[in-house]
>>> print(open('structure_30.txt').read())   # compact mmCIF, C-alpha atoms and all ligand atoms
# COMPACT_ATOMS: atom_id res chain seq x y z
CA MET H 1 0.00 0.00 0.00
CA LYS H 2 1.25 3.48 -0.90
CA VAL H 3 -0.14 6.51 0.98
CA LEU H 4 0.40 10.08 -0.21
CA VAL H 5 0.50 12.54 2.72
CA LEU H 6 0.11 16.22 1.83
CA GLY H 7 1.27 18.72 4.46
CA ALA H 8 3.87 16.29 5.82
CA ASN H 9 5.72 19.04 7.74
CA GLY H 10 2.66 20.06 9.76
CA GLN H 11 1.63 18.78 13.19
CA VAL H 12 -0.70 16.06 11.90
CA GLY H 13 1.35 15.39 8.76
CA THR H 14 4.51 14.71 10.77
CA GLU H 15 2.70 12.17 12.97
CA LEU H 16 1.15 10.50 9.92
CA VAL H 17 4.49 10.05 8.16
CA ARG H 18 6.00 8.65 11.37
CA ARG H 19 3.17 6.24 12.19
CA LEU H 20 1.53 5.03 8.95
CA PRO H 21 4.42 2.80 7.78
CA GLU H 22 4.21 0.63 10.90
CA ARG H 23 0.43 0.77 11.41
CA LEU H 24 -0.45 -0.02 7.77
CA HIS H 25 2.72 -1.70 6.55
CA ALA H 26 2.53 1.05 3.96
CA ASP H 27 5.01 3.09 1.97
CA VAL H 28 4.37 6.71 2.77
CA VAL H 29 5.10 9.41 0.21
CA PRO H 30 5.48 12.69 2.12
CA VAL H 31 4.61 15.87 0.24
CA THR H 32 5.67 19.29 1.50
CA ARG H 33 5.76 22.82 0.18
CA SER H 34 9.55 22.99 0.47
CA GLY H 35 10.50 19.53 -0.90
CA ASP H 36 12.15 18.63 2.42
CA TRP H 37 10.82 16.23 5.07
CA GLU H 38 13.01 15.99 8.19
CA GLY H 39 16.14 16.70 6.16
CA GLN H 40 15.29 14.31 3.32
CA PRO H 41 14.18 15.33 -0.17
CA CYS H 42 10.52 14.61 -0.94
CA GLU H 43 7.68 15.43 -3.36
CA THR H 44 6.45 19.03 -3.40
CA ALA H 45 3.05 20.62 -3.80
CA ASP H 46 1.81 24.16 -3.35
CA LEU H 47 -1.88 24.15 -2.46
CA SER H 48 -2.17 27.77 -3.52
CA GLU H 49 -1.92 26.36 -7.05
CA PRO H 50 -4.72 23.77 -7.04
CA GLU H 51 -4.40 23.05 -10.80
CA ALA H 52 -1.12 21.15 -10.28
CA LEU H 53 -2.45 18.72 -7.67
CA GLY H 54 -4.17 16.27 -10.03
CA GLY H 55 -0.89 15.75 -11.93
CA LEU H 56 0.95 14.83 -8.71
CA ILE H 57 -1.63 12.17 -7.82
CA GLU H 58 -1.61 10.74 -11.36
CA ARG H 59 2.18 10.52 -11.32
CA VAL H 60 2.57 8.96 -7.83
CA LYS H 61 -0.48 6.65 -8.22
CA PRO H 62 -1.06 6.17 -4.47
CA ASP H 63 -3.54 3.70 -2.95
CA ALA H 64 -4.77 6.37 -0.54
CA VAL H 65 -4.37 10.14 -0.10
CA VAL H 66 -4.42 12.09 3.17
CA ASN H 67 -4.52 15.90 3.09
CA ALA H 68 -3.01 17.43 6.23
CA ALA H 69 -1.94 20.65 4.48
CA ALA H 70 -3.89 23.78 5.30
CA TYR H 71 -3.70 27.50 5.91
CA THR H 72 -4.03 27.43 9.73
CA ALA H 73 -3.11 30.99 10.79
CA VAL H 74 -6.55 31.92 12.14
CA ASP H 75 -5.90 35.63 12.73
CA LYS H 76 -3.76 36.23 9.64
CA ALA H 77 -6.48 34.68 7.47
CA GLU H 78 -8.65 37.72 8.19
CA SER H 79 -6.29 39.80 6.01
CA GLU H 80 -5.37 37.03 3.53
CA ALA H 81 -8.82 35.75 2.67
CA GLU H 82 -8.07 35.04 -0.97
CA LEU H 83 -5.00 32.91 -0.22
CA ALA H 84 -6.73 31.06 2.64
CA MET H 85 -9.67 30.37 0.33
CA ARG H 86 -7.42 28.92 -2.40
CA ILE H 87 -5.49 26.65 -0.01
CA ASN H 88 -8.36 25.59 2.28
CA GLY H 89 -11.36 26.10 0.03
CA GLU H 90 -10.28 25.18 -3.50
CA ALA H 91 -7.26 22.85 -3.31
CA PRO H 92 -9.07 20.10 -1.34
CA GLY H 93 -11.65 19.95 -4.15
CA ALA H 94 -8.91 19.42 -6.76
CA ILE H 95 -7.35 16.64 -4.65
CA ALA H 96 -10.74 15.00 -4.10
CA LYS H 97 -11.56 15.17 -7.82
CA ALA H 98 -8.30 13.41 -8.77
CA CYS H 99 -8.92 10.76 -6.08
CA ALA H 100 -12.52 10.21 -7.22
CA ASP H 101 -11.43 9.92 -10.88
CA HIS H 102 -8.93 7.18 -9.99
CA GLY H 103 -10.92 5.39 -7.26
CA ILE H 104 -8.44 6.38 -4.53
CA PRO H 105 -9.79 6.71 -0.95
CA PHE H 106 -9.24 10.21 0.46
CA VAL H 107 -9.00 11.50 4.06
CA HIS H 108 -9.34 15.27 4.51
CA TYR H 109 -9.26 17.31 7.74
CA SER H 110 -11.49 20.18 8.77
CA THR H 111 -12.13 22.11 11.96
CA ASP H 112 -14.48 22.93 14.84
CA TYR H 113 -14.27 26.56 13.62
CA VAL H 114 -16.90 25.76 10.94
CA PHE H 115 -19.45 26.02 13.78
CA GLY H 116 -20.94 29.20 15.23
CA GLY H 117 -20.20 28.25 18.83
CA ASP H 118 -23.61 28.92 20.38
CA ALA H 119 -24.69 25.29 20.92
CA ASP H 120 -25.53 23.85 24.36
CA ARG H 121 -24.53 20.24 23.59
CA PRO H 122 -21.67 18.70 21.57
CA TYR H 123 -21.98 19.41 17.85
CA LEU H 124 -23.01 16.50 15.62
CA PRO H 125 -21.39 16.24 12.17
CA GLU H 126 -24.69 17.12 10.50
CA ASP H 127 -25.44 20.19 12.64
CA ALA H 128 -25.76 23.56 10.90
CA THR H 129 -22.46 25.35 10.27
CA ALA H 130 -21.90 29.09 10.77
CA PRO H 131 -18.20 30.02 10.71
CA ALA H 132 -17.32 33.21 12.59
CA GLY H 133 -14.12 33.99 10.65
CA ILE H 134 -12.31 33.59 7.33
CA TYR H 135 -10.38 30.48 8.43
CA GLY H 136 -13.59 28.62 9.33
CA LEU H 137 -15.29 29.90 6.19
CA SER H 138 -12.42 28.69 4.00
CA LYS H 139 -12.37 25.25 5.69
CA LEU H 140 -16.14 24.95 5.20
CA ALA H 141 -15.69 25.78 1.50
CA GLY H 142 -13.09 22.98 1.39
CA GLU H 143 -15.54 20.49 2.91
CA GLN H 144 -18.13 21.43 0.31
CA ALA H 145 -15.64 21.18 -2.57
CA VAL H 146 -14.56 17.72 -1.39
CA GLN H 147 -18.17 16.57 -1.10
CA SER H 148 -19.02 17.77 -4.61
CA ALA H 149 -16.14 15.78 -6.08
CA GLY H 150 -17.64 12.43 -4.98
CA GLY H 151 -15.54 9.30 -4.43
CA ASP H 152 -14.69 7.47 -1.20
CA VAL H 153 -14.01 10.22 1.33
CA ARG H 154 -13.89 10.77 5.07
CA ILE H 155 -13.75 14.37 6.26
CA LEU H 156 -12.46 14.49 9.84
CA ARG H 157 -13.12 17.66 11.81
CA ASN H 158 -10.41 18.17 14.46
CA ALA H 159 -10.11 20.84 17.12
CA TRP H 160 -7.49 22.53 19.27
CA VAL H 161 -4.65 20.43 17.81
CA TYR H 162 -1.37 20.39 19.71
CA GLY H 163 1.83 18.43 20.11
CA LEU H 164 5.41 18.71 21.31
CA HIS H 165 6.36 19.79 17.77
CA GLY H 166 5.04 22.45 15.43
CA SER H 167 3.17 25.63 16.09
CA ASN H 168 0.42 25.23 18.68
CA PHE H 169 -1.01 26.45 22.00
CA LEU H 170 1.01 24.00 24.15
CA ARG H 171 4.27 25.22 22.65
CA THR H 172 3.17 28.85 23.05
CA MET H 173 2.46 28.22 26.75
CA LEU H 174 5.86 26.53 27.28
CA ARG H 175 7.55 29.49 25.56
CA LEU H 176 5.83 31.87 27.99
CA ALA H 177 6.47 29.66 31.04
CA ASP H 178 8.99 32.04 32.62
CA ARG H 179 6.29 34.68 33.21
CA ALA H 180 4.90 35.10 36.72
CA GLU H 181 1.33 35.36 35.43
CA LEU H 182 -0.45 34.70 32.13
CA GLY H 183 -3.94 35.87 31.19
CA VAL H 184 -5.76 33.12 29.29
CA VAL H 185 -9.35 33.10 28.07
CA ASP H 186 -11.73 31.01 30.12
CA ASP H 187 -14.92 31.50 28.09
CA GLN H 188 -14.01 29.50 24.97
CA ILE H 189 -14.74 25.80 25.50
CA GLY H 190 -13.41 22.92 23.41
CA SER H 191 -11.43 19.67 23.43
CA PRO H 192 -7.61 19.85 23.13
CA THR H 193 -6.53 17.08 20.77
CA PRO H 194 -2.99 15.81 20.17
CA ALA H 195 -1.81 15.40 16.58
CA TRP H 196 -0.82 11.79 17.35
CA LEU H 197 -4.43 10.89 18.16
CA ILE H 198 -5.59 12.14 14.76
CA ALA H 199 -2.81 10.18 13.04
CA GLU H 200 -3.69 6.98 14.93
CA VAL H 201 -7.40 7.33 14.07
CA THR H 202 -6.50 7.96 10.42
CA ALA H 203 -4.35 4.81 10.38
CA ALA H 204 -7.19 2.74 11.85
CA MET H 205 -9.63 4.10 9.25
CA LEU H 206 -7.31 3.39 6.33
CA ARG H 207 -6.66 -0.10 7.68
CA GLN H 208 -10.38 -0.87 7.88
CA GLY H 209 -11.25 0.91 4.62
CA PHE H 210 -14.35 2.97 3.83
CA ARG H 211 -16.82 3.59 1.04
CA GLY H 212 -18.84 6.64 0.04
CA GLN H 213 -18.75 9.99 1.78
CA ARG H 214 -19.07 10.78 5.49
CA THR H 215 -17.99 13.55 7.84
CA HIS H 216 -16.85 12.63 11.36
CA HIS H 217 -15.42 14.45 14.37
CA VAL H 218 -12.05 13.42 15.83
CA VAL H 219 -11.29 15.03 19.18
CA ALA H 220 -10.17 13.81 22.57
CA GLY H 221 -12.94 13.24 25.12
CA GLY H 222 -14.21 15.81 27.59
CA GLN H 223 -13.98 19.57 27.45
CA THR H 224 -12.14 22.51 28.97
CA SER H 225 -11.33 26.17 28.34
CA TRP H 226 -8.04 27.51 26.99
CA ALA H 227 -7.28 28.57 30.59
CA GLY H 228 -8.04 25.04 31.84
CA PHE H 229 -5.81 23.63 29.12
CA ALA H 230 -3.01 26.07 30.03
CA ASP H 231 -3.22 25.03 33.70
CA ALA H 232 -2.99 21.34 32.79
CA ILE H 233 -0.05 21.99 30.44
CA PHE H 234 1.90 23.76 33.20
CA ASP H 235 1.06 21.03 35.74
CA GLN H 236 2.31 18.32 33.39
CA ALA H 237 5.38 20.29 32.36
CA VAL H 238 6.38 20.75 36.01
CA ALA H 239 5.68 17.09 36.82
CA GLY H 240 7.75 16.01 33.81
CA GLY H 241 10.66 18.27 34.78
CA LEU H 242 10.36 20.37 31.62
CA ILE H 243 10.07 23.58 33.65
CA ASP H 244 10.97 24.35 37.28
CA ALA H 245 8.27 26.83 38.10
CA ARG H 246 5.00 27.72 36.42
CA PRO H 247 3.11 30.95 35.81
CA ALA H 248 -0.18 31.62 37.54
CA VAL H 249 -2.97 31.36 34.96
CA LYS H 250 -5.30 34.33 35.29
CA ARG H 251 -8.74 33.55 33.90
CA ILE H 252 -9.80 36.29 31.50
CA THR H 253 -12.64 36.74 29.00
CA THR H 254 -12.54 36.86 25.21
CA ALA H 255 -13.19 40.60 25.46
CA ASP H 256 -9.98 40.96 27.53
CA TYR H 257 -7.92 39.31 24.75
CA PRO H 258 -8.83 41.05 21.48
CA THR H 259 -7.83 39.20 18.27
CA PRO H 260 -8.49 39.92 14.56
CA ALA H 261 -10.55 36.71 14.16
CA LYS H 262 -13.67 35.86 16.13
CA ARG H 263 -13.51 32.35 17.66
CA PRO H 264 -16.41 30.08 18.68
CA ALA H 265 -17.34 30.27 22.40
CA TYR H 266 -18.26 26.57 22.44
CA SER H 267 -16.95 23.98 20.01
CA VAL H 268 -17.20 20.62 21.74
CA LEU H 269 -17.70 17.97 19.03
CA SER H 270 -19.58 14.68 19.27
CA THR H 271 -17.41 11.76 18.14
CA GLU H 272 -20.13 9.08 18.29
CA SER H 273 -20.39 8.56 14.51
CA LEU H 274 -16.63 8.00 14.15
CA LYS H 275 -16.42 5.62 17.13
CA SER H 276 -19.35 3.61 15.84
CA GLU H 277 -18.23 3.34 12.18
CA PHE H 278 -14.69 2.24 13.05
CA SER H 279 -15.21 0.64 16.51
CA LEU H 280 -12.75 2.99 18.17
CA LYS H 281 -12.53 4.67 21.54
CA LEU H 282 -11.04 8.08 22.22
CA PRO H 283 -9.30 8.88 25.52
CA GLY H 284 -10.08 12.03 27.51
CA TRP H 285 -8.13 15.23 26.73
CA ASP H 286 -6.29 15.18 30.09
CA GLU H 287 -5.25 11.55 29.57
CA CYS H 288 -4.09 12.50 26.06
CA LEU H 289 -2.02 15.37 27.43
CA LYS H 290 -0.21 12.97 29.80
CA MET H 291 0.43 10.53 26.95
CA THR H 292 1.78 13.39 24.84
CA PHE H 293 4.35 14.30 27.50
CA ASN H 294 5.23 10.61 27.96
CA SER H 295 5.83 10.21 24.20
CA ASP H 296 5.07 6.48 24.43
CA ALA H 297 3.92 5.69 20.87
CA LEU H 298 2.77 2.16 21.72
CA GLN H 299 0.59 3.38 24.59
CA GLN H 300 -0.78 6.10 22.30
CA ALA H 301 -1.65 3.55 19.60
CA GLN H 302 -3.36 1.22 22.08
CA SER H 303 -5.41 4.05 23.59
CA ILE H 304 -7.91 4.06 20.68
CA GLN H 305 -8.40 0.27 20.44
N1 LIG H 401 -3.96 23.31 14.30
C1 LIG H 401 -5.18 23.21 14.82
O1 LIG H 401 -5.44 23.61 15.94
C2 LIG H 401 -6.29 22.58 14.03
C3 LIG H 401 -6.10 22.09 12.76
N2 LIG H 401 -7.16 21.57 12.07
C4 LIG H 401 -6.99 21.06 10.72
O2 LIG H 401 -6.18 19.89 10.80
C5 LIG H 401 -5.35 19.80 9.65
C6 LIG H 401 -3.91 19.67 10.08
O3 LIG H 401 -3.55 20.81 10.84
P1 LIG H 401 -2.13 21.00 11.54
O4 LIG H 401 -1.30 19.80 11.32
O5 LIG H 401 -2.37 21.50 12.90
O6 LIG H 401 -1.58 22.22 10.67
P2 LIG H 401 -0.11 22.87 10.66
O7 LIG H 401 -0.33 24.33 10.58
O8 LIG H 401 0.73 22.28 11.72
O9 LIG H 401 0.45 22.33 9.27
C7 LIG H 401 -0.12 22.72 8.07
C8 LIG H 401 0.82 22.34 6.97
O10 LIG H 401 0.24 22.80 5.75
C9 LIG H 401 1.27 23.28 4.96
N3 LIG H 401 0.84 24.29 4.01
C10 LIG H 401 0.34 25.53 4.28
N4 LIG H 401 0.14 26.18 3.14
C11 LIG H 401 0.52 25.36 2.13
C12 LIG H 401 0.57 25.49 0.73
N5 LIG H 401 0.19 26.59 0.11
N6 LIG H 401 1.04 24.44 0.01
C13 LIG H 401 1.45 23.32 0.61
N7 LIG H 401 1.42 23.14 1.94
C14 LIG H 401 0.97 24.16 2.68
C15 LIG H 401 2.29 23.89 5.91
O11 LIG H 401 3.52 23.87 5.23
P3 LIG H 401 4.85 24.59 5.79
O12 LIG H 401 5.36 23.63 6.83
O13 LIG H 401 5.70 24.66 4.59
O14 LIG H 401 4.41 25.89 6.32
C16 LIG H 401 2.20 22.98 7.11
O15 LIG H 401 3.19 21.98 7.08
C17 LIG H 401 -5.67 21.03 8.82
O16 LIG H 401 -6.65 20.69 7.87
C18 LIG H 401 -6.25 22.00 9.81
O17 LIG H 401 -7.12 22.94 9.20
C19 LIG H 401 -8.42 21.49 12.60
C20 LIG H 401 -8.64 21.92 13.86
C21 LIG H 401 -7.59 22.47 14.70
C1 LIG H 402 -1.22 32.96 23.61
C2 LIG H 402 -2.51 33.23 24.30
C3 LIG H 402 -3.72 32.92 23.70
N1 LIG H 402 -4.89 33.17 24.33
C4 LIG H 402 -6.15 32.79 23.69
C5 LIG H 402 -6.41 33.31 22.29
C6 LIG H 402 -7.37 32.29 21.74
O1 LIG H 402 -8.68 32.61 22.12
C7 LIG H 402 -6.96 31.01 22.43
C8 LIG H 402 -6.17 30.05 21.57
O2 LIG H 402 -5.16 30.74 20.89
P1 LIG H 402 -4.41 30.18 19.63
O3 LIG H 402 -4.05 31.30 18.76
O4 LIG H 402 -3.35 29.25 20.05
O5 LIG H 402 -5.51 29.27 18.99
P2 LIG H 402 -6.14 29.24 17.56
O6 LIG H 402 -5.10 29.55 16.56
O7 LIG H 402 -7.41 29.97 17.49
O8 LIG H 402 -6.47 27.69 17.52
C9 LIG H 402 -7.28 27.21 16.52
O9 LIG H 402 -6.48 26.88 15.40
C10 LIG H 402 -7.21 26.48 14.29
C11 LIG H 402 -6.23 26.12 13.19
C12 LIG H 402 -8.28 25.50 14.56
O10 LIG H 402 -8.75 24.81 13.65
C13 LIG H 402 -8.94 25.50 15.92
O11 LIG H 402 -9.45 24.23 16.27
C14 LIG H 402 -8.04 26.00 17.02
O12 LIG H 402 -7.13 25.03 17.45
O13 LIG H 402 -6.18 31.38 23.55
C15 LIG H 402 -4.91 33.74 25.60
O14 LIG H 402 -6.00 33.97 26.16
N2 LIG H 402 -3.73 34.06 26.21
C16 LIG H 402 -2.52 33.83 25.62
O15 LIG H 402 -1.47 34.15 26.20
MG MG H 403 -3.07 29.60 16.04
>>> encode(input="structure_30.txt", output="structure tokens")
Amino acid sequence: MKVLVLGANGQVGTELVRRLPERLHADVVPVTRSGDWEGQPCETADLSEPEALGGLIERVKPDAVVNAAAYTAVDKAESEAELAMRINGEAPGAIAKACADHGIPFVHYSTDYVFGGDADRPYLPEDATAPAGIYGLSKLAGEQAVQSAGGDVRILRNAWVYGLHGSNFLRTMLRLADRAELGVVDDQIGSPTPAWLIAEVTAAMLRQGFRGQRTHHVVAGGQTSWAGFADAIFDQAVAGGLIDARPAVKRITTADYPTPAKRPAYSVLSTESLKSEFSLKLPGWDECLKMTFNSDALQQAQSIQ
């Protein structure tokens, strides 16, 4: 089996390229914007030029395609709408079309930010979308483009993705760990989800196979606020000896922390449809955070079985 992974230098892409060979006994073809994956030369693709993507898939002839590339700078997207729309909104449609034409199963990722954030129970995949910003709008356009292309597709909506590598909230908190106090918003609620969990779920799905089109949610269990997540990160980092002392987390409101993009107040996602289709379980977010600091890949893999 040969799996093409787009966005191989990202948080999720890195975990996919590391884990898929063993989990699927597959050859993984990493694709990056720069043509470099962890110091080795690899295939390139620029998602801001969607026209070229079909040619790549025809040339490589993979047995499955996973798209982990995206424009993920939520605030910057507000001033780069056209670029975000090409990368997140258009390119996934071109990839899906090539996959559908050649009968190749396709896994694509989306986000909790497609929702408006005013629900009072976890969002179901089929609930009405209402993105509050350009990033969410562009990701929703990508979902729709993928769906129109047909073929065998699973769209996986993730949320609050983090890891020890890449650009994410956990790494931001560790960078700011020498402060005495940090103000962190306490009125945005979601489920912090490690990149490794998304990669493990993707491996399990590809191993089992799938037909037709469905959208699922892939997040760790439970919910917290960004402030709650920050507290847990500092607790774990102290326990693991990564930092000596930790800042006090001051709970603030969204209004106290103005940003260019509006973010959903509540984006807890129901994962029932995913767990039932693929007979998986998903550990709680706090358990996942511990497993992330432990970096025990075997324990991580077993946690969804
Ligand atoms: N991060 C998060 O909190 C969340 C992410 N998601 C979704 O999950 C998926 C994976 O996200 P994650 O791994 O966190 O993202 P990252 O931001 O870590 O990685 C995204 C990757 O996409 C690549 N990329 C960006 N623009 C282009 C382009 N024009 N051409 C080719 N590659 C490009 C980047 O390349 P380069 O390394 O060269 O910059 C980067 O490696 C995405 O679909 C994202 O929307 C959903 C919810 C939350
Ligand atoms: C750094 C920092 C952030 N915050 C707030 C701002 C924001 O509301 C929240 C999270 O900030 P970030 O910029 O890390 O998160 P953000 O980039 O909005 O994260 C999102 O990324 C995209 C790609 C997604 O798809 C989402 O699921 C989500 O993970 O924390 C503080 O309150 N204090 C701080 O010191
Ligand atoms: Mg961010």
>>> residues_near_ligand(input="structure_30.txt", ligand="ligand LIG 402 (chain H)", cutoff="8 Å", atoms="only C-alpha atoms and all ligand atoms", output="NGL selection string")
:H and (71-75 or 110-113 or 135-136 or 158-162 or 168-170 or 172-173 or 176 or 182-186 or 188 or 192 or 226-227 or 252-254 or 257 or 259 or 263)
>>> residues_near_ligand(input="structure_30.txt", ligand="ligand LIG 401 (chain H)", cutoff="8 Å", atoms="only C-alpha atoms and all ligand atoms", output="PDB file with C-alpha atoms, in the frame of the given file")
ATOM      1  CA  LEU H   6       0.110  16.220   1.830  1.00  0.00           C
ATOM      2  CA  GLY H   7       1.270  18.720   4.460  1.00  0.00           C
ATOM      3  CA  ALA H   8       3.870  16.290   5.820  1.00  0.00           C
ATOM      4  CA  ASN H   9       5.720  19.040   7.740  1.00  0.00           C
ATOM      5  CA  GLY H  10       2.660  20.060   9.760  1.00  0.00           C
ATOM      6  CA  GLN H  11       1.630  18.780  13.190  1.00  0.00           C
ATOM      7  CA  VAL H  12      -0.700  16.060  11.900  1.00  0.00           C
ATOM      8  CA  GLY H  13       1.350  15.390   8.760  1.00  0.00           C
ATOM      9  CA  THR H  14       4.510  14.710  10.770  1.00  0.00           C
ATOM     10  CA  THR H  32       5.670  19.290   1.500  1.00  0.00           C
ATOM     11  CA  ARG H  33       5.760  22.820   0.180  1.00  0.00           C
ATOM     12  CA  SER H  34       9.550  22.990   0.470  1.00  0.00           C
ATOM     13  CA  THR H  44       6.450  19.030  -3.400  1.00  0.00           C
ATOM     14  CA  ALA H  45       3.050  20.620  -3.800  1.00  0.00           C
ATOM     15  CA  ASP H  46       1.810  24.160  -3.350  1.00  0.00           C
ATOM     16  CA  LEU H  47      -1.880  24.150  -2.460  1.00  0.00           C
ATOM     17  CA  SER H  48      -2.170  27.770  -3.520  1.00  0.00           C
ATOM     18  CA  GLU H  49      -1.920  26.360  -7.050  1.00  0.00           C
ATOM     19  CA  ASN H  67      -4.520  15.900   3.090  1.00  0.00           C
ATOM     20  CA  ALA H  68      -3.010  17.430   6.230  1.00  0.00           C
ATOM     21  CA  ALA H  69      -1.940  20.650   4.480  1.00  0.00           C
ATOM     22  CA  ALA H  70      -3.890  23.780   5.300  1.00  0.00           C
ATOM     23  CA  TYR H  71      -3.700  27.500   5.910  1.00  0.00           C
ATOM     24  CA  THR H  72      -4.030  27.430   9.730  1.00  0.00           C
ATOM     25  CA  ALA H  73      -3.110  30.990  10.790  1.00  0.00           C
ATOM     26  CA  ILE H  87      -5.490  26.650  -0.010  1.00  0.00           C
ATOM     27  CA  ASN H  88      -8.360  25.590   2.280  1.00  0.00           C
ATOM     28  CA  HIS H 108      -9.340  15.270   4.510  1.00  0.00           C
ATOM     29  CA  TYR H 109      -9.260  17.310   7.740  1.00  0.00           C
ATOM     30  CA  SER H 110     -11.490  20.180   8.770  1.00  0.00           C
ATOM     31  CA  THR H 111     -12.130  22.110  11.960  1.00  0.00           C
ATOM     32  CA  ASP H 112     -14.480  22.930  14.840  1.00  0.00           C
ATOM     33  CA  TYR H 113     -14.270  26.560  13.620  1.00  0.00           C
ATOM     34  CA  LYS H 139     -12.370  25.250   5.690  1.00  0.00           C
ATOM     35  CA  ARG H 157     -13.120  17.660  11.810  1.00  0.00           C
ATOM     36  CA  ASN H 158     -10.410  18.170  14.460  1.00  0.00           C
ATOM     37  CA  ALA H 159     -10.110  20.840  17.120  1.00  0.00           C
ATOM     38  CA  TRP H 160      -7.490  22.530  19.270  1.00  0.00           C
ATOM     39  CA  VAL H 161      -4.650  20.430  17.810  1.00  0.00           C
ATOM     40  CA  TYR H 162      -1.370  20.390  19.710  1.00  0.00           C
ATOM     41  CA  GLY H 166       5.040  22.450  15.430  1.00  0.00           C
ATOM     42  CA  SER H 167       3.170  25.630  16.090  1.00  0.00           C
ATOM     43  CA  ASN H 168       0.420  25.230  18.680  1.00  0.00           C
ATOM     44  CA  ALA H 195      -1.810  15.400  16.580  1.00  0.00           C
TER      45      ALA H 195
END
>>> atom_distance(input="structure_30.txt", atom1="CA of Val29 in chain H", atom2="CA of Glu15 in chain H")
13.3 Å
>>> closest_residue(input="structure_30.txt", among="H:Arg154, H:His102, H:His217, H:Lys76", to="ligand MG 403 (chain H)", atoms="all atoms listed in the file")
H:Lys76
>>> atom_distance(input="structure_30.txt", atom1="CA of Glu22 in chain H", atom2="CA of Met1 in chain H")
11.7 Å
>>> residues_near_point(input="structure_30.txt", point="(4.8, 27.3, 31.6)", cutoff="10 Å", atoms="all atoms listed in the file", output="PyMOL selection string")
chain H and resi 170-182+230-238+242-249
>>> closest_residue(input="structure_30.txt", among="H:Glu200, H:Asp286, H:Asp127, H:Asp256", to="Thr215 in chain H", atoms="all atoms listed in the file")
H:Asp127
>>> axis_aligned_box(input="structure_30.txt", around="range 22-27 of chain H", padding_each_side="8 Å", output="AutoDock Vina command-line options")
--center_x 2.3 --center_y 0.7 --center_z 6.7 --size_x 21.5 --size_y 20.8 --size_z 25.4
>>> closest_residue(input="structure_30.txt", among="H:Leu197, H:Val218, H:Val268, H:Val60", to="Ala297 in chain H", atoms="all atoms listed in the file")
H:Leu197
>>> closest_residue(input="structure_30.txt", among="H:Val201, H:Ala132, H:Ala77, H:Tyr123", to="ligand MG 403 (chain H)", atoms="only C-alpha atoms and all ligand atoms")
H:Ala77
>>> atom_distance(input="structure_30.txt", atom1="CA of Gln302 in chain H", atom2="CA of Leu24 in chain H")
14.7 Å
>>> closest_atom_pairs(input="structure_30.txt", of="range 253-288 of chain H", to="range 203-209 of chain H", cutoff="10 Å", atoms="all atoms listed in the file", output="CSV")
residue,atom,partner,partner_atom,distance
H:Leu274,CA,H:Met205,CA,9.4
H:Glu277,CA,H:Met205,CA,9.1
H:Phe278,CA,H:Met205,CA,6.6
H:Ser279,CA,H:Ala204,CA,9.5
H:Leu280,CA,H:Ala204,CA,8.4
>>> write_last_selection(input="structure_30.txt", atoms="C-alpha atoms", output="short mmCIF file (atom, residue, chain, number, x, y, z; two decimals), in the coordinates of the input")
data_model
loop_
_atom_site.label_atom_id
_atom_site.label_comp_id
_atom_site.auth_asym_id
_atom_site.auth_seq_id
_atom_site.Cartn_x
_atom_site.Cartn_y
_atom_site.Cartn_z
CA LEU H 274 -16.63 8.00 14.15
CA GLU H 277 -18.23 3.34 12.18
CA PHE H 278 -14.69 2.24 13.05
CA SER H 279 -15.21 0.64 16.51
CA LEU H 280 -12.75 2.99 18.17
#
>>> closest_residue(input="structure_30.txt", among="H:Gly284, H:Pro260, H:Leu298, H:Arg59", to="ligand MG 403 (chain H)", atoms="only C-alpha atoms and all ligand atoms")
H:Pro260
>>> closest_residue(input="structure_30.txt", among="H:Arg23, H:Gly55, H:Val66, H:Ala261", to="ligand MG 403 (chain H)", atoms="all atoms listed in the file")
H:Ala261
>>> residues_around(input="structure_30.txt", residues="Lys2 in chain H", least_positions_apart="2", cutoff="12 Å", atoms="all atoms listed in the file", output="PDB file with C-alpha atoms, keeping the file's coordinate frame")
ATOM      1  CA  LEU H   4       0.400  10.080  -0.210  1.00  0.00           C
ATOM      2  CA  VAL H   5       0.500  12.540   2.720  1.00  0.00           C
ATOM      3  CA  VAL H  17       4.490  10.050   8.160  1.00  0.00           C
ATOM      4  CA  LEU H  20       1.530   5.030   8.950  1.00  0.00           C
ATOM      5  CA  PRO H  21       4.420   2.800   7.780  1.00  0.00           C
ATOM      6  CA  LEU H  24      -0.450  -0.020   7.770  1.00  0.00           C
ATOM      7  CA  HIS H  25       2.720  -1.700   6.550  1.00  0.00           C
ATOM      8  CA  ALA H  26       2.530   1.050   3.960  1.00  0.00           C
ATOM      9  CA  ASP H  27       5.010   3.090   1.970  1.00  0.00           C
ATOM     10  CA  VAL H  28       4.370   6.710   2.770  1.00  0.00           C
ATOM     11  CA  VAL H  29       5.100   9.410   0.210  1.00  0.00           C
ATOM     12  CA  PRO H  30       5.480  12.690   2.120  1.00  0.00           C
ATOM     13  CA  ILE H  57      -1.630  12.170  -7.820  1.00  0.00           C
ATOM     14  CA  VAL H  60       2.570   8.960  -7.830  1.00  0.00           C
ATOM     15  CA  LYS H  61      -0.480   6.650  -8.220  1.00  0.00           C
ATOM     16  CA  PRO H  62      -1.060   6.170  -4.470  1.00  0.00           C
ATOM     17  CA  ASP H  63      -3.540   3.700  -2.950  1.00  0.00           C
ATOM     18  CA  ALA H  64      -4.770   6.370  -0.540  1.00  0.00           C
ATOM     19  CA  VAL H  65      -4.370  10.140  -0.100  1.00  0.00           C
ATOM     20  CA  VAL H  66      -4.420  12.090   3.170  1.00  0.00           C
ATOM     21  CA  ILE H 104      -8.440   6.380  -4.530  1.00  0.00           C
ATOM     22  CA  PRO H 105      -9.790   6.710  -0.950  1.00  0.00           C
ATOM     23  CA  LEU H 206      -7.310   3.390   6.330  1.00  0.00           C
TER      24      LEU H 206
END
